[in-house]
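Okay, data-v7.csv now, which holds CSV, C-alpha atoms and all ligand atoms:
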chain,number,residue,atom,x,y,z
U,990,MET,CA,-90.1,-64.5,-57.1
U,991,SER,CA,-87.9,-67.5,-58.1
U,992,VAL,CA,-88.6,-69.6,-61.2
U,993,ALA,CA,-89.8,-72.4,-59.0
U,994,GLU,CA,-92.3,-70.1,-57.3
U,995,PHE,CA,-93.4,-68.7,-60.6
U,996,ARG,CA,-94.1,-72.3,-61.8
U,997,GLN,CA,-96.0,-73.0,-58.6
U,998,SER,CA,-98.2,-69.9,-59.0
U,999,LEU,CA,-98.8,-70.6,-62.6
U,1000,HIS,CA,-99.7,-74.2,-61.8
U,1001,GLU,CA,-102.3,-73.0,-59.2
U,1002,ILE,CA,-103.7,-70.4,-61.6
U,1003,LYS,CA,-104.1,-72.7,-64.5
U,1004,GLY,CA,-105.6,-75.4,-62.3
U,1005,LEU,CA,-108.2,-73.0,-60.8
U,1006,ILE,CA,-109.1,-71.4,-64.1
U,1007,GLY,CA,-108.9,-74.7,-66.0
U,1008,ALA,CA,-106.6,-73.5,-68.8
U,1009,THR,CA,-105.0,-76.2,-70.9
U,1010,GLU,CA,-103.6,-76.9,-74.3
U,1011,THR,CA,-107.1,-77.5,-75.6
U,1012,ASP,CA,-107.8,-73.8,-75.2
U,1013,PHE,CA,-104.9,-72.8,-77.4
U,1014,ASP,CA,-106.1,-75.4,-80.0
U,1015,GLN,CA,-109.6,-73.9,-79.9
U,1016,LEU,CA,-108.2,-70.4,-80.5
U,1017,ARG,CA,-106.0,-71.6,-83.3
U,1018,LYS,CA,-109.0,-73.3,-84.9
U,1019,HIS,CA,-110.6,-69.8,-85.2
U,1020,GLN,CA,-107.5,-67.8,-86.0
U,1021,GLY,CA,-109.3,-66.3,-89.0
U,1022,PHE,CA,-111.9,-64.8,-86.7
U,1023,LEU,CA,-109.3,-63.4,-84.3
U,1024,LEU,CA,-107.2,-61.9,-87.1
U,1025,GLU,CA,-110.2,-60.4,-88.9
U,1026,ASN,CA,-111.4,-58.6,-85.8
U,1027,LEU,CA,-107.9,-57.5,-84.7
U,1028,ASP,CA,-108.1,-53.8,-85.8
U,1029,GLU,CA,-111.4,-53.4,-84.2
U,1030,VAL,CA,-110.5,-54.9,-80.9
U,1031,ILE,CA,-107.3,-52.8,-80.7
U,1032,ALA,CA,-109.2,-49.6,-81.3
U,1033,PHE,CA,-111.8,-50.6,-78.7
U,1034,PHE,CA,-109.2,-51.5,-76.1
U,1035,TYR,CA,-107.1,-48.3,-76.3
U,1036,ASP,CA,-110.1,-46.0,-76.8
U,1037,ILE,CA,-111.3,-47.2,-73.4
U,1038,LEU,CA,-107.9,-46.9,-71.7
U,1039,TYR,CA,-107.4,-43.4,-73.1
U,1040,GLU,CA,-110.9,-42.2,-72.4
U,1041,ASN,CA,-110.5,-42.9,-68.7
U,1042,SER,CA,-108.3,-40.8,-66.5
U,1043,GLY,CA,-106.1,-43.0,-64.3
U,1044,SER,CA,-105.5,-45.6,-67.0
U,1045,ARG,CA,-104.8,-42.8,-69.5
U,1046,ASP,CA,-102.1,-41.4,-67.2
U,1047,VAL,CA,-100.1,-44.6,-67.4
U,1048,PHE,CA,-99.2,-43.8,-71.0
U,1049,THR,CA,-96.6,-41.3,-72.1
U,1050,GLU,CA,-97.0,-38.8,-74.9
U,1051,GLY,CA,-97.2,-40.4,-78.3
U,1052,GLU,CA,-97.1,-44.0,-77.0
U,1053,ARG,CA,-100.4,-45.2,-78.4
U,1054,GLU,CA,-99.1,-46.6,-81.7
U,1055,LYS,CA,-96.4,-48.6,-80.0
U,1056,ARG,CA,-98.9,-50.0,-77.6
U,1057,GLU,CA,-101.3,-51.0,-80.3
U,1058,GLN,CA,-98.6,-53.0,-81.9
U,1059,THR,CA,-97.9,-54.8,-78.6
U,1060,LEU,CA,-101.5,-55.9,-78.3
U,1061,ARG,CA,-101.5,-57.0,-81.9
U,1062,ASP,CA,-98.4,-59.1,-81.1
U,1063,TRP,CA,-100.1,-60.5,-78.1
U,1064,VAL,CA,-103.1,-61.8,-80.0
U,1065,VAL,CA,-100.7,-63.4,-82.5
U,1066,ALA,CA,-98.8,-65.0,-79.6
U,1067,LEU,CA,-102.0,-66.4,-78.4
U,1068,LEU,CA,-102.5,-68.2,-81.7
U,1069,GLU,CA,-99.0,-69.5,-81.5
U,1070,GLY,CA,-99.2,-70.4,-77.8
U,1071,HIS,CA,-98.9,-73.8,-76.2
U,1072,ASP,CA,-99.6,-74.9,-72.7
U,1073,GLU,CA,-95.9,-75.1,-71.8
U,1074,ASP,CA,-93.5,-72.7,-70.2
U,1075,SER,CA,-92.5,-70.8,-73.3
U,1076,TYR,CA,-95.9,-69.0,-73.7
U,1077,TRP,CA,-96.3,-68.5,-70.0
U,1078,ARG,CA,-92.7,-67.3,-69.5
U,1079,ALA,CA,-93.4,-64.7,-72.1
U,1080,GLN,CA,-96.5,-63.7,-70.2
U,1081,TYR,CA,-94.4,-63.4,-67.1
U,1082,LEU,CA,-92.4,-60.8,-68.8
U,1083,VAL,CA,-95.5,-59.1,-70.1
U,1084,GLY,CA,-96.8,-59.0,-66.5
U,1085,LEU,CA,-93.5,-57.6,-65.3
U,1086,ALA,CA,-93.7,-54.8,-68.0
U,1087,HIS,CA,-97.0,-53.8,-66.5
U,1088,VAL,CA,-95.6,-53.9,-62.9
U,1089,ARG,CA,-92.7,-51.7,-64.1
U,1090,ARG,CA,-95.2,-49.2,-65.6
U,1091,LYS,CA,-97.3,-49.3,-62.4
U,1092,VAL,CA,-100.5,-50.5,-64.1
U,1093,ALA,CA,-102.9,-51.0,-61.3
U,1094,ASN,CA,-104.5,-54.4,-60.9
U,1095,ARG,CA,-107.9,-52.8,-61.2
U,1096,TYR,CA,-107.1,-51.5,-64.7
U,1097,MET,CA,-105.9,-55.0,-65.8
U,1098,ILE,CA,-109.0,-56.7,-64.5
U,1099,SER,CA,-111.4,-54.0,-65.9
U,1100,ILE,CA,-109.9,-54.0,-69.4
U,1101,ALA,CA,-109.9,-57.8,-69.5
U,1102,ASN,CA,-113.6,-57.6,-68.7
U,1103,ARG,CA,-114.1,-55.3,-71.6
U,1104,LEU,CA,-112.1,-57.6,-73.9
U,1105,LYS,CA,-114.5,-60.3,-73.0
U,1106,GLU,CA,-117.5,-58.0,-73.5
U,1107,PHE,CA,-116.1,-57.3,-77.0
U,1108,TYR,CA,-115.6,-60.9,-78.0
U,1109,LEU,CA,-118.6,-62.8,-76.6
U,1110,PRO,CA,-121.3,-61.4,-78.9
U,1111,LYS,CA,-119.0,-61.4,-81.9
U,1112,MET,CA,-117.9,-65.0,-81.4
U,1113,ILE,CA,-121.5,-66.2,-81.1
U,1114,ASP,CA,-122.6,-64.1,-84.1
U,1115,GLN,CA,-119.7,-65.1,-86.3
U,1116,LEU,CA,-118.9,-68.6,-85.2
U,1117,GLY,CA,-122.4,-69.8,-84.1
U,1118,THR,CA,-123.6,-70.3,-80.6
U,1119,GLU,CA,-121.9,-73.6,-79.7
U,1120,GLU,CA,-118.6,-72.9,-81.3
U,1121,GLY,CA,-118.7,-69.2,-80.2
U,1122,ILE,CA,-119.2,-70.1,-76.5
U,1123,LYS,CA,-116.5,-72.7,-76.7
U,1124,THR,CA,-114.1,-70.3,-78.2
U,1125,PHE,CA,-115.0,-67.6,-75.7
U,1126,ILE,CA,-114.4,-69.8,-72.7
U,1127,SER,CA,-110.9,-70.7,-74.1
U,1128,PHE,CA,-110.1,-67.1,-74.7
U,1129,GLN,CA,-111.3,-66.2,-71.2
U,1130,ARG,CA,-109.2,-68.9,-69.6
U,1131,ILE,CA,-106.0,-67.8,-71.2
U,1132,LEU,CA,-106.7,-64.1,-70.8
U,1133,ASP,CA,-107.6,-64.5,-67.1
U,1134,SER,CA,-104.6,-66.7,-66.4
U,1135,GLY,CA,-102.4,-63.9,-67.8
U,1136,VAL,CA,-104.2,-61.3,-65.7
U,1137,ALA,CA,-103.9,-63.5,-62.5
U,1138,LEU,CA,-100.2,-63.9,-63.3
U,1139,THR,CA,-99.8,-60.1,-63.5
U,1140,VAL,CA,-101.6,-59.6,-60.2
U,1141,THR,CA,-99.3,-62.2,-58.6
U,1142,LEU,CA,-96.3,-60.3,-59.9
U,1143,VAL,CA,-97.6,-57.0,-58.5
U,1144,ASP,CA,-97.9,-58.7,-55.0
U,1145,GLU,CA,-94.6,-60.4,-55.3
U,1146,ALA,CA,-92.7,-57.2,-56.5
U,1147,PHE,CA,-94.2,-55.3,-53.6
U,1148,LYS,CA,-93.2,-57.9,-51.1
U,1149,MET,CA,-89.7,-58.1,-52.5
U,1150,VAL,CA,-89.2,-54.3,-52.3
U,1151,ILE,CA,-90.2,-54.3,-48.6
U,1152,GLU,CA,-88.3,-57.5,-47.7
U,1153,GLU,CA,-85.1,-56.3,-49.4
U,1154,ASN,CA,-85.2,-52.8,-48.0
U,1155,THR,CA,-86.4,-53.4,-44.5
U,1156,GLY,CA,-85.5,-57.0,-43.6
U,1157,TRP,CA,-89.1,-57.5,-42.6
U,1158,THR,CA,-90.3,-61.1,-42.9
U,1159,GLU,CA,-93.5,-62.2,-44.7
U,1160,ALA,CA,-94.9,-63.3,-41.3
U,1161,LEU,CA,-94.3,-59.9,-39.8
U,1162,MET,CA,-95.8,-58.1,-42.8
U,1163,GLN,CA,-98.9,-60.3,-42.5
U,1164,LYS,CA,-99.2,-59.4,-38.8
U,1165,MET,CA,-98.9,-55.7,-39.6
U,1166,GLN,CA,-101.5,-56.1,-42.4
U,1167,GLU,CA,-104.0,-57.5,-40.0
U,1168,SER,CA,-104.0,-54.3,-37.9
U,1169,VAL,CA,-104.2,-52.2,-41.0
U,1170,PHE,CA,-107.3,-54.2,-42.1
U,1171,VAL,CA,-108.9,-53.4,-38.8
U,1172,GLN,CA,-108.2,-49.7,-39.2
U,1173,ILE,CA,-109.6,-49.7,-42.8
U,1174,ALA,CA,-112.8,-51.5,-41.7
U,1175,LYS,CA,-113.3,-49.0,-38.9
U,1176,LYS,CA,-113.0,-46.1,-41.3
U,1177,PHE,CA,-115.7,-47.6,-43.5
U,1178,GLN,CA,-117.9,-48.1,-40.5
U,1179,THR,CA,-117.5,-44.5,-39.3
U,1180,GLU,CA,-117.0,-42.3,-42.4
U,1201,LIG,C1,-105.6,-57.8,-70.4
U,1201,LIG,C2,-105.0,-56.7,-70.5
U,1201,LIG,C3,-103.7,-56.4,-71.2
U,1201,LIG,C4,-103.0,-57.1,-72.1
U,1201,LIG,C5,-103.3,-58.5,-72.7
U,1201,LIG,C6,-101.8,-56.3,-72.4
U,1201,LIG,C7,-100.8,-56.7,-73.3
U,1201,LIG,C8,-99.6,-56.0,-73.3
U,1201,LIG,C9,-98.4,-56.6,-73.9
U,1201,LIG,C10,-98.3,-57.9,-74.7
U,1201,LIG,C11,-97.4,-55.7,-73.8
U,1201,LIG,C12,-95.9,-55.8,-74.2
U,1201,LIG,C13,-95.0,-56.2,-73.1
U,1201,LIG,C14,-93.6,-56.3,-73.4
U,1201,LIG,O1,-93.1,-55.6,-74.2
U,1201,LIG,O2,-93.0,-57.3,-72.9
U,1201,LIG,C15,-97.9,-54.6,-73.0
U,1201,LIG,C16,-97.2,-53.5,-72.6
U,1201,LIG,C17,-97.8,-52.4,-72.0
U,1201,LIG,N1,-99.1,-52.2,-71.6
U,1201,LIG,FE1,-100.5,-53.7,-71.6
U,1201,LIG,N2,-101.9,-55.1,-71.7
U,1201,LIG,C18,-103.0,-55.1,-70.9
U,1201,LIG,C19,-103.5,-54.2,-70.1
U,1201,LIG,C20,-102.9,-52.9,-70.0
U,1201,LIG,C21,-103.5,-51.8,-69.2
U,1201,LIG,C22,-104.8,-51.9,-68.4
U,1201,LIG,C23,-102.6,-50.8,-69.3
U,1201,LIG,C24,-102.6,-49.4,-68.8
U,1201,LIG,C25,-103.6,-48.8,-68.1
U,1201,LIG,C26,-101.5,-51.2,-70.1
U,1201,LIG,C27,-100.3,-50.5,-70.4
U,1201,LIG,C28,-99.2,-51.0,-71.0
U,1201,LIG,C29,-97.9,-50.3,-71.1
U,1201,LIG,C30,-97.7,-48.9,-70.6
U,1201,LIG,C31,-97.0,-51.1,-71.7
U,1201,LIG,C32,-95.6,-50.9,-72.0
U,1201,LIG,C33,-94.7,-51.5,-71.0
U,1201,LIG,C34,-93.2,-51.2,-71.1
U,1201,LIG,O3,-92.9,-50.0,-70.9
U,1201,LIG,O4,-92.5,-52.1,-71.5
U,1201,LIG,N3,-101.7,-52.5,-70.5
U,1201,LIG,N4,-99.2,-54.8,-72.8
Let me see whether you can do it: turn the structure in this file into structure tokens.
Amino acid sequence: MSVAEFRQSLHEIKGLIGATETDFDQLRKHQGFLLENLDEVIAFFYDILYENSGSRDVFTEGEREKREQTLRDWVVALLEGHDEDSYWRAQYLVGLAHVRRKVANRYMISIANRLKEFYLPKMIDQLGTEEGIKTFISFQRILDSGVALTVTLVDEAFKMVIEENTGWTEALMQKMQESVFVQIAKKFQTE
């Protein structure tokens, strides 16, 4: 994926999700809330990932402490973030780190959902309904844009591996996929 393609994908994602500088401003406005709840969210996040096989298997022995620190750094980066390439370029590298460690898209999407489940009631409770919902939506926009970026990278990395090792074009791969979809659909109808 070239830098230009990255920018284009990011532009599409942010446009669809509606993420803007206002969202970073809204999170900064409540940085006290985010920092006060940091230890709790980190424990919640990794307890879930470690309690479930599949996601647990991604981690190596004794890695948890390091990973807790990376999530801590990510929340702090959110508070320092701006709607310009520097924040998103860093997220591009975060996404690539997950691709490298083969974190499945379903794990990213599922845990992002849990993060939202963690924050929504707390934001409403601690910031009041109006401000809580506003802050939640901003958090959701930025989080989901990051997840969408990671999913994009997984797709792109997979395509690159095939293209570079086989010489197959994207058009050819799409054609081959169509017949695979038919096979999968048939399996679901018969099994
Ligand atoms: C919304 C969800 C997530 C966020 C915000 C997040 C955040 C981060 C961040 C900021 C890093 C540091 C990346 C770097 O050093 O550049 C990281 C690394 C990592 N994350 Fe996540 N993560 C998420 C989901 C997950 C899930 C679901 C798993 C596994 C099931 C996971 C496993 C890892 C691992 C193994 C690394 C280390 C990557 C490496 O070896 O460099 N993460 N994560």
(Q) Using all atoms listed in the file, can you tell me which of U:Thr1155, U:Thr1049, U:Ser1099, U:Ser1127 comes closest to U:Lys1018? (A)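 That would be U:Ser1127, the residue with the smallest distance to U:Lys1018.
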Q) Neighbours of ligand LIG 1201 (chain U) within 6 Å, counting only C-alpha atoms and all ligand atoms, as an NGL selection string? A) :U and (1038 or 1044 or 1047-1048 or 1059-1060 or 1063 or 1082-1083 or 1086-1087 or 1090 or 1092 or 1096-1097 or 1100-1101)
Q) Restricting the calculation to only C-alpha atoms, which member of U:Met990, U:Val1030, U:Ile1002, U:Met1112 is positioned closest to U:Val1143? A) U:Met990
(Q) Give me the residues near U:Leu1109 as a ChimeraX atom specification, where near means some atom within 8 Å (using all atoms listed in the file) and where sequence neighbours in that chain fewer than 6 positions away do not count. (A) /U:1121-1122,1125
Q) Any idea what's packed within 12 Å of U:Glu1025, counting only C-alpha atoms, ignoring anything in its chain fewer than 3 positions away? Could you give it as a PyMOL selection string? A) chain U and resi 1019-1022+1028-1031+1061+1064-1065+1111-1112+1115
Atoms kept (C-alpha atoms) for selection, written as a PDB file, in the coordinates of the input:
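Result file follows (out.pdb):
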ATOM      1  CA  HIS U1019    -110.600 -69.800 -85.200  1.00  0.00           C
ATOM      2  CA  GLN U1020    -107.500 -67.800 -86.000  1.00  0.00           C
ATOM      3  CA  GLY U1021    -109.300 -66.300 -89.000  1.00  0.00           C
ATOM      4  CA  PHE U1022    -111.900 -64.800 -86.700  1.00  0.00           C
ATOM      5  CA  ASP U1028    -108.100 -53.800 -85.800  1.00  0.00           C
ATOM      6  CA  GLU U1029    -111.400 -53.400 -84.200  1.00  0.00           C
ATOM      7  CA  VAL U1030    -110.500 -54.900 -80.900  1.00  0.00           C
ATOM      8  CA  ILE U1031    -107.300 -52.800 -80.700  1.00  0.00           C
ATOM      9  CA  ARG U1061    -101.500 -57.000 -81.900  1.00  0.00           C
ATOM     10  CA  VAL U1064    -103.100 -61.800 -80.000  1.00  0.00           C
ATOM     11  CA  VAL U1065    -100.700 -63.400 -82.500  1.00  0.00           C
ATOM     12  CA  LYS U1111    -119.000 -61.400 -81.900  1.00  0.00           C
ATOM     13  CA  MET U1112    -117.900 -65.000 -81.400  1.00  0.00           C
ATOM     14  CA  GLN U1115    -119.700 -65.100 -86.300  1.00  0.00           C
TER      15      GLN U1115
END
Could you please fill out stretch 1023-1035 of chain U with N, CA and C atoms and send it back as a compact mmCIF listing (two decimals), in the coordinates of the input?
# COMPACT_ATOMS: atom_id res chain seq x y z
N LEU U 1023 -110.08 -64.32 -85.17
CA LEU U 1023 -109.30 -63.40 -84.30
C LEU U 1023 -108.53 -62.39 -85.13
N LEU U 1024 -107.99 -62.81 -86.25
CA LEU U 1024 -107.20 -61.90 -87.10
C LEU U 1024 -108.13 -60.87 -87.78
N GLU U 1025 -109.30 -61.34 -88.23
CA GLU U 1025 -110.20 -60.40 -88.90
C GLU U 1025 -110.72 -59.31 -87.99
N ASN U 1026 -110.85 -59.63 -86.71
CA ASN U 1026 -111.40 -58.60 -85.80
C ASN U 1026 -110.30 -57.89 -85.00
N LEU U 1027 -109.06 -58.04 -85.45
CA LEU U 1027 -107.90 -57.50 -84.70
C LEU U 1027 -107.91 -55.96 -84.64
N ASP U 1028 -108.10 -55.33 -85.81
CA ASP U 1028 -108.10 -53.80 -85.80
C ASP U 1028 -109.13 -53.27 -84.92
N GLU U 1029 -110.32 -53.91 -85.00
CA GLU U 1029 -111.40 -53.40 -84.20
C GLU U 1029 -111.21 -53.53 -82.70
N VAL U 1030 -110.66 -54.68 -82.31
CA VAL U 1030 -110.50 -54.90 -80.90
C VAL U 1030 -109.38 -53.96 -80.33
N ILE U 1031 -108.38 -53.71 -81.14
CA ILE U 1031 -107.30 -52.80 -80.70
C ILE U 1031 -107.81 -51.40 -80.47
N ALA U 1032 -108.63 -50.93 -81.43
CA ALA U 1032 -109.20 -49.60 -81.30
C ALA U 1032 -110.09 -49.53 -80.04
N PHE U 1033 -110.92 -50.56 -79.87
CA PHE U 1033 -111.80 -50.60 -78.70
C PHE U 1033 -111.06 -50.59 -77.41
N PHE U 1034 -110.02 -51.40 -77.32
CA PHE U 1034 -109.20 -51.50 -76.10
C PHE U 1034 -108.55 -50.21 -75.72
N TYR U 1035 -107.85 -49.58 -76.69
CA TYR U 1035 -107.10 -48.30 -76.30
C TYR U 1035 -108.05 -47.14 -76.23
